[in-house]
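Reproduced below: input27.cif, with mmCIF, C-alpha atoms.
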data_upload
#
loop_
_atom_site.label_atom_id
_atom_site.label_comp_id
_atom_site.auth_asym_id
_atom_site.auth_seq_id
_atom_site.Cartn_x
_atom_site.Cartn_y
_atom_site.Cartn_z
CA MET A 76 -76.92 157.86 -3.01
CA ARG A 77 -79.65 155.39 -1.94
CA SER A 78 -82.37 157.65 -3.40
CA ILE A 79 -80.53 157.90 -6.73
CA PHE A 80 -80.26 154.10 -6.86
CA LEU A 81 -83.99 153.76 -6.22
CA ILE A 82 -84.81 156.24 -8.98
CA ILE A 83 -82.61 154.35 -11.44
CA SER A 84 -84.23 151.05 -10.44
CA VAL A 85 -87.73 152.46 -10.94
CA MET A 86 -86.78 153.92 -14.31
CA ALA A 87 -85.45 150.52 -15.42
CA CYS A 88 -88.87 149.02 -14.73
CA VAL A 89 -90.74 151.81 -16.46
CA THR A 90 -88.59 151.63 -19.58
CA GLY A 91 -89.00 147.91 -20.16
CA TYR A 92 -86.55 146.02 -17.91
CA SER A 93 -83.03 144.93 -18.81
CA GLN A 94 -81.88 142.93 -21.81
CA ASP A 95 -81.27 139.96 -19.51
CA ASP A 96 -84.80 140.17 -18.12
CA ILE A 97 -86.26 140.16 -21.63
CA LEU A 98 -84.16 137.16 -22.69
CA THR A 99 -85.07 135.26 -19.52
CA LEU A 100 -88.77 135.73 -20.16
CA ALA A 101 -88.42 134.76 -23.81
CA ARG A 102 -86.55 131.59 -22.83
CA LYS A 103 -89.29 130.78 -20.36
CA THR A 104 -92.05 130.96 -22.96
CA ASN A 105 -90.01 129.00 -25.47
CA ASP A 106 -89.00 126.32 -22.97
CA TYR A 107 -92.67 125.82 -22.18
CA PHE A 108 -93.42 125.36 -25.86
CA MET A 109 -90.48 123.07 -26.66
CA SER A 110 -91.26 120.93 -23.63
CA LYS A 111 -94.92 120.56 -24.56
CA TYR A 112 -94.13 119.94 -28.25
CA ALA A 113 -90.92 117.99 -27.78
CA ASP A 114 -91.16 116.17 -31.12
CA PRO A 115 -91.12 118.81 -33.87
CA THR A 116 -92.14 116.24 -36.49
CA GLU A 117 -95.39 115.27 -34.75
CA PRO A 118 -98.46 116.62 -36.59
CA THR A 119 -100.87 119.01 -34.92
CA ASN A 120 -104.29 117.77 -33.93
CA VAL A 121 -106.76 120.62 -33.57
CA LYS A 122 -110.07 119.20 -34.79
CA ARG A 123 -108.11 117.36 -37.47
CA ILE A 124 -104.58 116.19 -38.19
CA ARG A 125 -102.29 118.70 -39.92
CA PRO A 126 -98.56 118.41 -40.69
CA SER A 127 -96.24 120.38 -38.44
CA ASN A 128 -95.11 122.70 -41.24
CA LEU A 129 -98.49 124.42 -41.43
CA TRP A 130 -98.52 128.21 -41.07
CA THR A 131 -99.19 128.30 -37.33
CA ARG A 132 -96.05 126.29 -36.60
CA ALA A 133 -94.08 128.14 -39.26
CA VAL A 134 -94.67 131.44 -37.44
CA TYR A 135 -93.35 129.84 -34.25
CA TYR A 136 -90.09 129.05 -36.05
CA GLU A 137 -89.79 132.67 -37.20
CA GLY A 138 -89.73 133.62 -33.54
CA LEU A 139 -87.37 130.78 -32.66
CA MET A 140 -84.86 132.00 -35.26
CA ALA A 141 -84.96 135.44 -33.63
CA LEU A 142 -84.38 133.87 -30.20
CA CYS A 143 -81.57 131.75 -31.62
CA GLU A 144 -79.76 134.89 -32.73
CA ALA A 145 -79.83 136.30 -29.19
CA ASP A 146 -79.50 133.20 -27.00
CA LYS A 147 -76.11 131.71 -27.78
CA VAL A 148 -76.28 129.51 -24.67
CA ASN A 149 -79.14 127.53 -26.19
CA GLU A 150 -78.38 128.10 -29.87
CA ALA A 151 -77.40 124.50 -30.62
CA ARG A 152 -80.58 123.16 -29.01
CA TYR A 153 -82.78 125.54 -31.01
CA LEU A 154 -81.00 124.77 -34.27
CA ASN A 155 -81.24 121.02 -33.71
CA TYR A 156 -84.98 121.32 -33.05
CA THR A 157 -85.38 123.35 -36.25
CA ARG A 158 -83.24 120.99 -38.33
CA ARG A 159 -85.26 117.94 -37.25
CA TRP A 160 -88.45 119.73 -38.28
CA ALA A 161 -87.15 120.93 -41.64
CA GLU A 162 -85.51 117.64 -42.58
CA PHE A 163 -88.67 115.72 -41.72
CA HIS A 164 -90.57 117.94 -44.17
CA GLN A 165 -87.77 117.60 -46.74
CA TRP A 166 -87.29 121.39 -46.85
CA THR A 167 -90.54 121.53 -48.81
CA PRO A 168 -93.65 123.72 -48.41
CA ARG A 169 -96.78 122.19 -47.00
CA ASN A 170 -98.70 120.40 -49.76
CA GLY A 171 -95.65 120.18 -52.02
CA VAL A 172 -93.74 122.34 -54.46
CA LYS A 173 -96.76 123.03 -56.66
CA THR A 174 -98.68 124.90 -53.98
CA VAL A 175 -99.49 128.57 -54.55
CA HIS A 176 -101.14 129.07 -51.16
CA ALA A 177 -99.36 131.57 -48.93
CA ASP A 178 -100.06 129.60 -45.75
CA ASP A 179 -98.28 126.59 -47.26
CA GLN A 180 -95.25 128.69 -48.12
CA CYS A 181 -94.69 130.31 -44.73
CA CYS A 182 -92.42 127.52 -43.46
CA GLN A 183 -89.93 128.33 -46.20
CA GLN A 184 -88.91 131.54 -44.39
CA THR A 185 -87.27 129.37 -41.74
CA TYR A 186 -85.76 126.97 -44.26
CA ILE A 187 -83.96 129.97 -45.76
CA ASP A 188 -82.97 131.48 -42.41
CA TYR A 189 -81.64 128.15 -41.12
CA ASN A 190 -79.65 127.62 -44.30
CA ARG A 191 -78.08 131.07 -44.03
CA LEU A 192 -77.21 130.54 -40.36
CA THR A 193 -75.67 127.10 -40.74
CA GLY A 194 -75.03 126.43 -44.41
CA ASP A 195 -77.05 123.25 -43.90
CA GLY A 196 -80.19 122.08 -45.69
CA THR A 197 -81.30 122.66 -49.25
CA LEU A 198 -83.25 125.48 -50.85
CA ASN A 199 -83.90 123.61 -54.10
CA HIS A 200 -87.55 122.96 -53.25
CA VAL A 201 -88.05 126.55 -52.15
CA LYS A 202 -86.71 127.80 -55.44
CA GLU A 203 -88.80 125.30 -57.40
CA ASN A 204 -91.98 126.30 -55.59
CA LEU A 205 -91.48 130.04 -56.09
CA MET A 206 -90.46 129.70 -59.71
CA LEU A 207 -93.53 127.60 -60.50
CA GLN A 208 -95.78 130.24 -59.00
CA MET A 209 -93.98 133.09 -60.75
CA GLN A 210 -94.40 131.27 -64.07
CA THR A 211 -98.19 131.37 -63.71
CA ASP A 212 -97.86 135.12 -64.36
CA ARG A 213 -100.70 135.71 -61.89
CA ASN A 214 -100.41 138.18 -59.04
CA ASP A 215 -103.85 137.77 -57.46
CA TYR A 216 -103.14 134.98 -54.98
CA TRP A 217 -102.95 137.06 -51.79
CA THR A 218 -106.64 137.77 -51.23
CA TRP A 219 -106.28 138.19 -47.44
CA ILE A 220 -103.73 140.33 -45.66
CA ASP A 221 -102.28 137.51 -43.54
CA ALA A 222 -100.86 136.15 -46.79
CA ILE A 223 -98.50 139.11 -47.04
CA GLN A 224 -96.67 137.88 -43.95
CA MET A 225 -96.89 134.22 -44.84
CA ALA A 226 -95.48 134.45 -48.37
CA MET A 227 -93.93 137.81 -49.26
CA PRO A 228 -90.83 137.48 -47.03
CA VAL A 229 -90.08 134.10 -48.65
CA TYR A 230 -89.64 135.83 -52.01
CA ILE A 231 -87.59 138.66 -50.59
CA LYS A 232 -85.36 136.31 -48.61
CA MET A 233 -84.73 134.31 -51.78
CA TYR A 234 -83.79 137.55 -53.51
CA ASP A 235 -81.29 138.21 -50.74
CA VAL A 236 -79.79 134.73 -51.19
CA SER A 237 -79.68 134.76 -54.98
CA LYS A 238 -79.73 138.49 -55.91
CA ASP A 239 -82.25 137.51 -58.59
CA GLN A 240 -84.43 140.60 -59.08
CA ARG A 241 -87.32 138.49 -60.33
CA TYR A 242 -88.21 137.54 -56.76
CA ILE A 243 -88.63 141.16 -55.69
CA ASP A 244 -90.49 142.11 -58.87
CA TYR A 245 -93.02 139.32 -58.48
CA ALA A 246 -93.54 139.84 -54.74
CA MET A 247 -94.14 143.56 -55.24
CA ARG A 248 -96.69 142.93 -58.00
CA CYS A 249 -98.58 140.63 -55.66
CA TYR A 250 -98.30 143.13 -52.80
CA ARG A 251 -99.58 146.02 -54.90
CA TRP A 252 -102.51 143.94 -56.14
CA THR A 253 -103.55 143.16 -52.56
CA ARG A 254 -102.95 146.73 -51.47
CA ASP A 255 -104.63 148.59 -54.32
CA THR A 256 -106.92 146.22 -56.25
CA CYS A 257 -108.28 143.32 -54.17
CA GLY A 258 -111.73 144.28 -52.92
CA GLY A 259 -111.09 147.82 -54.16
CA GLY A 260 -107.79 147.87 -52.26
CA LEU A 261 -107.29 146.42 -48.77
CA PHE A 262 -105.09 149.27 -47.53
CA ASN A 263 -106.88 152.39 -46.38
CA ASP A 264 -104.38 155.14 -47.14
CA ALA A 265 -106.46 157.69 -45.26
CA GLU A 266 -106.37 155.77 -41.97
CA GLY A 267 -103.13 153.85 -42.46
CA LEU A 268 -104.65 150.46 -41.66
CA TRP A 269 -105.67 147.33 -43.56
CA TRP A 270 -109.00 145.58 -43.99
CA ARG A 271 -108.53 141.85 -43.54
CA ASP A 272 -110.06 140.90 -46.91
CA LYS A 273 -112.78 142.07 -49.30
CA ASP A 274 -115.52 141.06 -46.83
CA TYR A 275 -114.46 143.80 -44.41
CA VAL A 276 -114.16 146.85 -46.64
CA PRO A 277 -116.93 149.49 -46.33
CA PRO A 278 -119.85 149.37 -45.86
CA TYR A 279 -118.83 146.70 -43.29
CA LYS A 280 -118.65 148.24 -39.82
CA GLU A 281 -118.27 147.06 -36.26
CA ALA A 282 -121.36 147.31 -34.05
CA ASP A 283 -120.17 150.68 -32.73
CA GLY A 284 -119.97 152.10 -36.26
CA ASN A 285 -116.18 152.06 -36.58
CA ASN A 286 -114.27 150.39 -39.40
CA CYS A 287 -113.21 146.83 -38.64
CA TYR A 288 -109.42 146.69 -38.44
CA TRP A 289 -108.26 143.40 -36.97
CA SER A 290 -105.24 143.75 -34.72
CA ARG A 291 -103.37 140.58 -35.65
CA GLY A 292 -104.19 140.99 -39.35
CA ASN A 293 -102.56 144.42 -39.31
CA GLY A 294 -99.77 142.92 -37.23
CA TRP A 295 -99.09 140.38 -39.95
CA VAL A 296 -98.64 143.11 -42.53
CA TYR A 297 -96.55 145.29 -40.20
CA ALA A 298 -94.20 142.39 -39.47
CA ALA A 299 -94.00 141.46 -43.15
CA LEU A 300 -92.94 144.97 -44.09
CA VAL A 301 -90.07 144.70 -41.62
CA ARG A 302 -89.07 141.20 -42.73
CA CYS A 303 -88.97 142.36 -46.34
CA MET A 304 -87.25 145.72 -45.83
CA GLN A 305 -84.50 143.94 -43.87
CA GLN A 306 -83.48 142.11 -47.06
CA MET A 307 -83.95 144.88 -49.63
CA PRO A 308 -81.51 147.46 -50.98
CA ARG A 309 -82.34 150.64 -49.08
CA LYS A 310 -82.11 152.84 -52.15
CA SER A 311 -84.48 150.73 -54.22
CA LYS A 312 -87.93 152.00 -55.20
CA GLU A 313 -89.45 148.86 -53.69
CA TYR A 314 -87.88 149.53 -50.30
CA LYS A 315 -89.11 153.12 -50.41
CA GLN A 316 -92.69 152.03 -51.09
CA LEU A 317 -92.70 149.56 -48.22
CA LYS A 318 -91.10 152.14 -45.94
CA ASN A 319 -93.80 154.65 -46.82
CA ASP A 320 -96.53 152.14 -45.95
CA PHE A 321 -94.67 151.20 -42.77
CA LEU A 322 -94.60 154.84 -41.67
CA LYS A 323 -98.31 155.29 -42.39
CA MET A 324 -99.12 152.17 -40.39
CA SER A 325 -96.84 153.24 -37.54
CA LYS A 326 -98.65 156.56 -37.11
CA ALA A 327 -102.04 154.85 -37.21
CA LEU A 328 -101.00 152.20 -34.71
CA LEU A 329 -99.55 154.78 -32.35
CA ARG A 330 -102.96 156.45 -32.21
CA CYS A 331 -104.63 153.11 -31.40
CA GLN A 332 -102.43 151.98 -28.52
CA ARG A 333 -104.22 151.63 -25.22
CA SER A 334 -103.03 153.37 -22.09
CA ASP A 335 -101.99 149.99 -20.63
CA GLY A 336 -99.68 149.30 -23.60
CA PHE A 337 -101.85 146.71 -25.38
CA TRP A 338 -103.76 147.14 -28.60
CA ASN A 339 -107.42 146.16 -28.85
CA VAL A 340 -108.41 143.10 -30.85
CA SER A 341 -110.43 145.51 -33.01
CA LEU A 342 -108.07 148.43 -33.30
CA MET A 343 -110.65 151.21 -33.46
CA SER A 344 -113.47 149.56 -31.51
CA PRO A 345 -112.62 149.26 -27.81
CA VAL A 346 -116.27 148.81 -26.87
CA THR A 347 -117.02 146.09 -29.42
CA TYR A 348 -113.83 144.07 -28.98
CA GLY A 349 -111.36 145.54 -26.57
CA GLY A 350 -108.11 144.08 -25.31
CA PRO A 351 -105.82 142.98 -23.87
CA GLU A 352 -104.54 140.85 -26.76
CA MET A 353 -101.03 139.48 -27.01
CA THR A 354 -100.33 138.59 -30.66
CA GLY A 355 -101.13 141.91 -32.28
CA THR A 356 -99.34 143.78 -29.50
CA ALA A 357 -96.23 141.63 -29.94
CA LEU A 358 -96.15 142.20 -33.71
CA PHE A 359 -96.54 145.95 -33.29
CA LEU A 360 -93.71 145.94 -30.74
CA TYR A 361 -91.61 144.00 -33.25
CA GLY A 362 -92.20 146.55 -35.99
CA MET A 363 -91.78 149.68 -33.90
CA SER A 364 -88.62 148.40 -32.22
CA TRP A 365 -87.11 147.62 -35.61
CA GLY A 366 -88.14 151.03 -36.94
CA ILE A 367 -86.40 152.81 -34.07
CA GLY A 368 -83.29 150.65 -34.25
CA ASN A 369 -82.96 151.26 -37.98
CA LYS A 370 -83.58 155.02 -37.79
CA ILE A 371 -86.78 154.87 -39.81
CA PHE A 372 -88.44 157.55 -37.70
CA SER A 373 -87.43 161.17 -37.26
CA LYS A 374 -85.66 162.15 -34.04
CA SER A 375 -88.79 163.70 -32.57
CA GLU A 376 -90.88 160.65 -33.49
CA THR A 377 -88.31 158.24 -32.09
CA ARG A 378 -88.90 159.39 -28.52
CA ILE A 379 -92.64 158.79 -28.88
CA TYR A 380 -92.20 155.35 -30.41
CA ARG A 381 -89.74 154.39 -27.68
CA GLN A 382 -92.40 155.17 -25.11
CA ALA A 383 -94.90 153.09 -27.07
CA CYS A 384 -92.47 150.15 -27.16
CA ASP A 385 -91.75 150.38 -23.44
CA LYS A 386 -95.46 150.36 -22.69
CA ALA A 387 -96.04 147.44 -25.05
CA TRP A 388 -93.32 145.33 -23.43
CA LYS A 389 -94.61 146.13 -19.96
CA ALA A 390 -98.01 144.89 -21.16
CA LEU A 391 -96.64 141.75 -22.79
CA ARG A 392 -94.86 140.73 -19.59
CA THR A 393 -98.27 140.39 -17.95
CA CYS A 394 -99.25 137.72 -20.50
CA VAL A 395 -96.69 135.19 -19.26
CA HIS A 396 -97.85 132.57 -16.76
CA ASP A 397 -95.45 131.15 -14.19
CA ASN A 398 -94.92 128.04 -16.34
CA GLY A 399 -94.32 130.04 -19.55
CA PHE A 400 -97.82 129.66 -21.02
CA LEU A 401 -98.94 132.82 -22.83
CA GLY A 402 -102.29 134.34 -21.99
CA TYR A 403 -104.37 136.87 -23.91
CA ASN A 404 -103.66 134.94 -27.11
CA GLN A 405 -106.53 135.24 -29.58
CA GLY A 406 -107.22 131.96 -31.37
CA THR A 407 -107.15 131.51 -35.13
CA GLY A 408 -109.75 133.23 -37.27
CA LYS A 409 -110.03 136.24 -39.50
CA ASP A 410 -111.53 139.05 -37.47
CA PRO A 411 -111.86 140.47 -33.94
CA SER A 412 -114.80 138.21 -33.09
CA ALA A 413 -112.77 135.00 -33.47
CA GLY A 414 -111.64 133.06 -30.42
CA GLN A 415 -113.54 135.19 -27.93
CA PRO A 416 -113.36 135.67 -25.05
CA VAL A 417 -109.63 136.36 -24.99
CA THR A 418 -108.46 136.21 -21.38
CA PHE A 419 -105.33 135.60 -19.34
CA ASP A 420 -106.34 131.96 -18.81
CA SER A 421 -108.04 131.19 -22.13
CA MET A 422 -106.42 128.46 -24.22
CA PRO A 423 -106.22 129.30 -27.95
CA ASP A 424 -106.85 126.56 -30.47
CA PHE A 425 -103.20 126.83 -31.56
CA GLU A 426 -100.41 128.02 -29.24
CA ASP A 427 -97.55 128.00 -31.72
CA TYR A 428 -98.05 131.19 -33.72
CA GLY A 429 -98.66 133.14 -30.52
CA THR A 430 -95.31 132.03 -29.13
CA GLY A 431 -93.70 133.03 -32.42
CA CYS A 432 -95.23 136.50 -32.30
CA PHE A 433 -94.14 136.96 -28.69
CA LEU A 434 -90.56 135.91 -29.45
CA LEU A 435 -90.35 138.22 -32.47
CA GLY A 436 -91.50 141.20 -30.41
CA ALA A 437 -89.38 140.37 -27.38
CA MET A 438 -86.17 139.80 -29.32
CA GLU A 439 -86.49 142.91 -31.47
CA TYR A 440 -87.21 145.00 -28.37
CA ARG A 441 -84.19 143.47 -26.67
CA LYS A 442 -82.06 144.23 -29.70
CA LEU A 443 -83.25 147.84 -29.56
CA LYS A 444 -82.38 148.18 -25.89
CA THR A 445 -78.94 146.71 -26.57
CA LYS A 446 -78.33 149.30 -29.30
CA LEU A 447 -79.52 152.15 -27.12
CA SER A 448 -77.35 151.07 -24.21
CA THR A 449 -74.21 151.37 -26.34
CA GLN A 450 -75.00 154.80 -27.77
#
Do you think you could lay out the structure here as structure tokens?
Amino acid sequence: MRSIFLIISVMACVTGYSQDDILTLARKTNDYFMSKYADPTEPTNVKRIRPSNLWTRAVYYEGLMALCEADKVNEARYLNYTRRWAEFHQWTPRNGVKTVHADDQCCQQTYIDYNRLTGDGTLNHVKENLMLQMQTDRNDYWTWIDAIQMAMPVYIKMYDVSKDQRYIDYAMRCYRWTRDTCGGGLFNDAEGLWWRDKDYVPPYKEADGNNCYWSRGNGWVYAALVRCMQQMPRKSKEYKQLKNDFLKMSKALLRCQRSDGFWNVSLMSPVTYGGPEMTGTALFLYGMSWGIGNKIFSKSETRIYRQACDKAWKALRTCVHDNGFLGYNQGTGKDPSAGQPVTFDSMPDFEDYGTGCFLLGAMEYRKLKTKLSTQ
């Protein structure tokens, strides 16, 4: 009996620890962040002053909303922190309702999510901002792949709130332009990965001769596909296109995962810029966990992706310091060379988006384990 118990205990560790363990670690990282940044209205000060609804902080709140869904013990505290932030910014995108910049719009994802959770707050400024951009009749704003995560889910979430098809139609036109036209098309169908922007398409190569596919940049797209598909009708042609791209990316990412569970900063160039790196790994865990939980993969593929998720979570656990600080967090930038060296102790220029990525991955993985435990 003792030997059976030991085997079960070892298997629990190998397969990613319990749901309680995952939630405890997520709380720890979030408590560190909320303690350090106790006033959500205070602007950031990295080289210059920026308002606290800039994109880096907005991504943190995406993760906090995911944690809020799982952690009912602390739900009121998380919601109060979010409400103070949103009210201070008057439920408005950074730089006002006339902005067309995706980074400015990212905060509106949380405005919508908070409103749906609580019925509180207003979406009038969100609607005004999106309608003004849609009326320009331009679809060439998203010239870098990060923008797909920052802005596209805002449109799809507003569709889900209003059932106004115009939001989906416009977002998909912008997505297809970035995918197929910008820089000759930023998605490489053959390899299932994205170039960050037109500066990185061939003939640009890493020093080892491989194509430059930035981990977090691809993570942004992968997460955006999930955050959009969640809100779309599953039988729609738009959902099917995003699902097809999601599956292509999933296969490519599976091939790139390191034996230790991380992904390299440069996905295909371990010598030029290897890992470990936390943010890309967390976003890939987020996407794969959601794909398994929503039966996106075939039965035979599901087993393989479950192993990939277990390895990724085991890797991510090693990023957490005793006080909740997250190591292996690449700083801001636009390619694998940014923020180097990325180490366990290195301090990124911004901590907030890294915490958001970690929380998204952790909570989706926990949700998956909860589903599997009841089947």
For a quick check of understanding, using only C-alpha atoms, which of A:Glu203, A:Asp255, A:Asp385, A:Asp420 has the smallest distance to Gly436 of chain A?
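For Gly436 of chain A, the nearest of the given residues is A:Asp385.
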Which distance in Å separates atom CA of Tyr297 of chain A and atom CA of Lys386 of chain A, to one decimal?
18.3 Å
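With only the atoms specified (all atoms listed in the file) counting, those residues at most 9 Å away from (-101.6, 134.4, -49.0) are Val175, His176, Ala177, Asp178, Asp179, Gln180, Tyr216, Trp217, Thr218, Trp219, Ile220, Asp221, Ala222, Ile223, Gln224, Met225, Ala226 and Met227 of chain A.
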Let me know the residues the PyMOL selection byres ((chain A and resi 438) around 8) catches in the file above, as a VMD selection string.
chain A and resid 97 to 98 101 141 to 142 145 361 434 to 437 439 to 442
I'd like the contact shell of segment 371-377 of chain A - 12 Å cut-off, only C-alpha atoms, skipping same-chain residues fewer than 3 positions apart - returned as a count of residues only.
30
What does the structure give for the distance between atom CA of Pro277 of chain A and atom CA of Trp295 of chain A, in Å to one decimal?
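Between atom CA of Pro277 of chain A and atom CA of Trp295 of chain A the gap works out to 21.0 Å.
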Apply the PyMOL selection byres ((chain A and resi 344) around 12) to the file shown and report the selected residues as a ChimeraX atom specification.
/A:280-290,331-333,338-343,345-350,411-412
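You can rank A:Ser334, A:Asn293, A:Ser237, A:Ser421 by their closest distance to Leu358 of chain A using only C-alpha atoms, and at the top of that list sits A:Asn293.
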Reference answer for the PyMOL selection byres ((chain A and resi 126) around 12), as a ChimeraX atom specification
/A:115-121,123-125,127-133,160-161,163-164,167-171,179,182
File of the preceding selection, C-alpha atoms, as a tab-separated table (two decimals), in the coordinates of the input:
chain	number	residue	atom	x	y	z
A	115	PRO	CA	-91.12	118.81	-33.87
A	116	THR	CA	-92.14	116.24	-36.49
A	117	GLU	CA	-95.39	115.27	-34.75
A	118	PRO	CA	-98.46	116.62	-36.59
A	119	THR	CA	-100.87	119.01	-34.92
A	120	ASN	CA	-104.29	117.77	-33.93
A	121	VAL	CA	-106.76	120.62	-33.57
A	123	ARG	CA	-108.11	117.36	-37.47
A	124	ILE	CA	-104.58	116.19	-38.19
A	125	ARG	CA	-102.29	118.70	-39.92
A	127	SER	CA	-96.24	120.38	-38.44
A	128	ASN	CA	-95.11	122.70	-41.24
A	129	LEU	CA	-98.49	124.42	-41.43
A	130	TRP	CA	-98.52	128.21	-41.07
A	131	THR	CA	-99.19	128.30	-37.33
A	132	ARG	CA	-96.05	126.29	-36.60
A	133	ALA	CA	-94.08	128.14	-39.26
A	160	TRP	CA	-88.45	119.73	-38.28
A	161	ALA	CA	-87.15	120.93	-41.64
A	163	PHE	CA	-88.67	115.72	-41.72
A	164	HIS	CA	-90.57	117.94	-44.17
A	167	THR	CA	-90.54	121.53	-48.81
A	168	PRO	CA	-93.65	123.72	-48.41
A	169	ARG	CA	-96.78	122.19	-47.00
A	170	ASN	CA	-98.70	120.40	-49.76
A	171	GLY	CA	-95.65	120.18	-52.02
A	179	ASP	CA	-98.28	126.59	-47.26
A	182	CYS	CA	-92.42	127.52	-43.46
I'd like the neighbourhood of Tyr136 of chain A as number ranges by chain, where a residue qualifies if any of its atoms comes within 9 Å (using only C-alpha atoms), though same-chain residues fewer than 4 positions away should be ignored.
A: 132, 140-141, 157, 182, 184-185, 427-428, 431
Separating atom CA of Thr449 of chain A from atom CA of Thr193 of chain A, to the nearest tenth of an Å, is a gap of 28.3 Å
Take segment 374-389 of chain A, model N, CA and C atoms, and hand the result over as a compact mmCIF listing (two decimals), in the coordinates of the input.
# COMPACT_ATOMS: atom_id res chain seq x y z
N LYS A 374 -86.13 162.09 -35.42
CA LYS A 374 -85.66 162.15 -34.04
C LYS A 374 -86.80 162.45 -33.07
N SER A 375 -87.67 163.36 -33.46
CA SER A 375 -88.79 163.70 -32.57
C SER A 375 -89.77 162.55 -32.45
N GLU A 376 -89.97 161.81 -33.53
CA GLU A 376 -90.88 160.65 -33.49
C GLU A 376 -90.28 159.51 -32.68
N THR A 377 -88.96 159.37 -32.75
CA THR A 377 -88.31 158.24 -32.09
C THR A 377 -88.62 158.20 -30.60
N ARG A 378 -88.61 159.34 -29.96
CA ARG A 378 -88.90 159.39 -28.52
C ARG A 378 -90.30 158.86 -28.23
N ILE A 379 -91.26 159.22 -29.07
CA ILE A 379 -92.64 158.79 -28.88
C ILE A 379 -92.78 157.29 -29.10
N TYR A 380 -92.11 156.78 -30.14
CA TYR A 380 -92.20 155.35 -30.41
C TYR A 380 -91.46 154.54 -29.34
N ARG A 381 -90.41 155.09 -28.78
CA ARG A 381 -89.74 154.39 -27.68
C ARG A 381 -90.67 154.23 -26.49
N GLN A 382 -91.43 155.26 -26.20
CA GLN A 382 -92.40 155.17 -25.11
C GLN A 382 -93.46 154.12 -25.41
N ALA A 383 -93.90 154.08 -26.67
CA ALA A 383 -94.90 153.09 -27.07
C ALA A 383 -94.35 151.67 -26.92
N CYS A 384 -93.09 151.47 -27.29
CA CYS A 384 -92.47 150.15 -27.16
C CYS A 384 -92.32 149.75 -25.70
N ASP A 385 -91.89 150.68 -24.86
CA ASP A 385 -91.75 150.38 -23.44
C ASP A 385 -93.08 149.98 -22.82
N LYS A 386 -94.12 150.69 -23.19
CA LYS A 386 -95.46 150.36 -22.69
C LYS A 386 -95.91 148.99 -23.20
N ALA A 387 -95.63 148.71 -24.47
CA ALA A 387 -96.04 147.44 -25.05
C ALA A 387 -95.33 146.28 -24.36
N TRP A 388 -94.02 146.42 -24.10
CA TRP A 388 -93.32 145.33 -23.43
C TRP A 388 -93.81 145.14 -22.00
N LYS A 389 -94.07 146.23 -21.32
CA LYS A 389 -94.61 146.13 -19.96
C LYS A 389 -95.93 145.37 -19.98
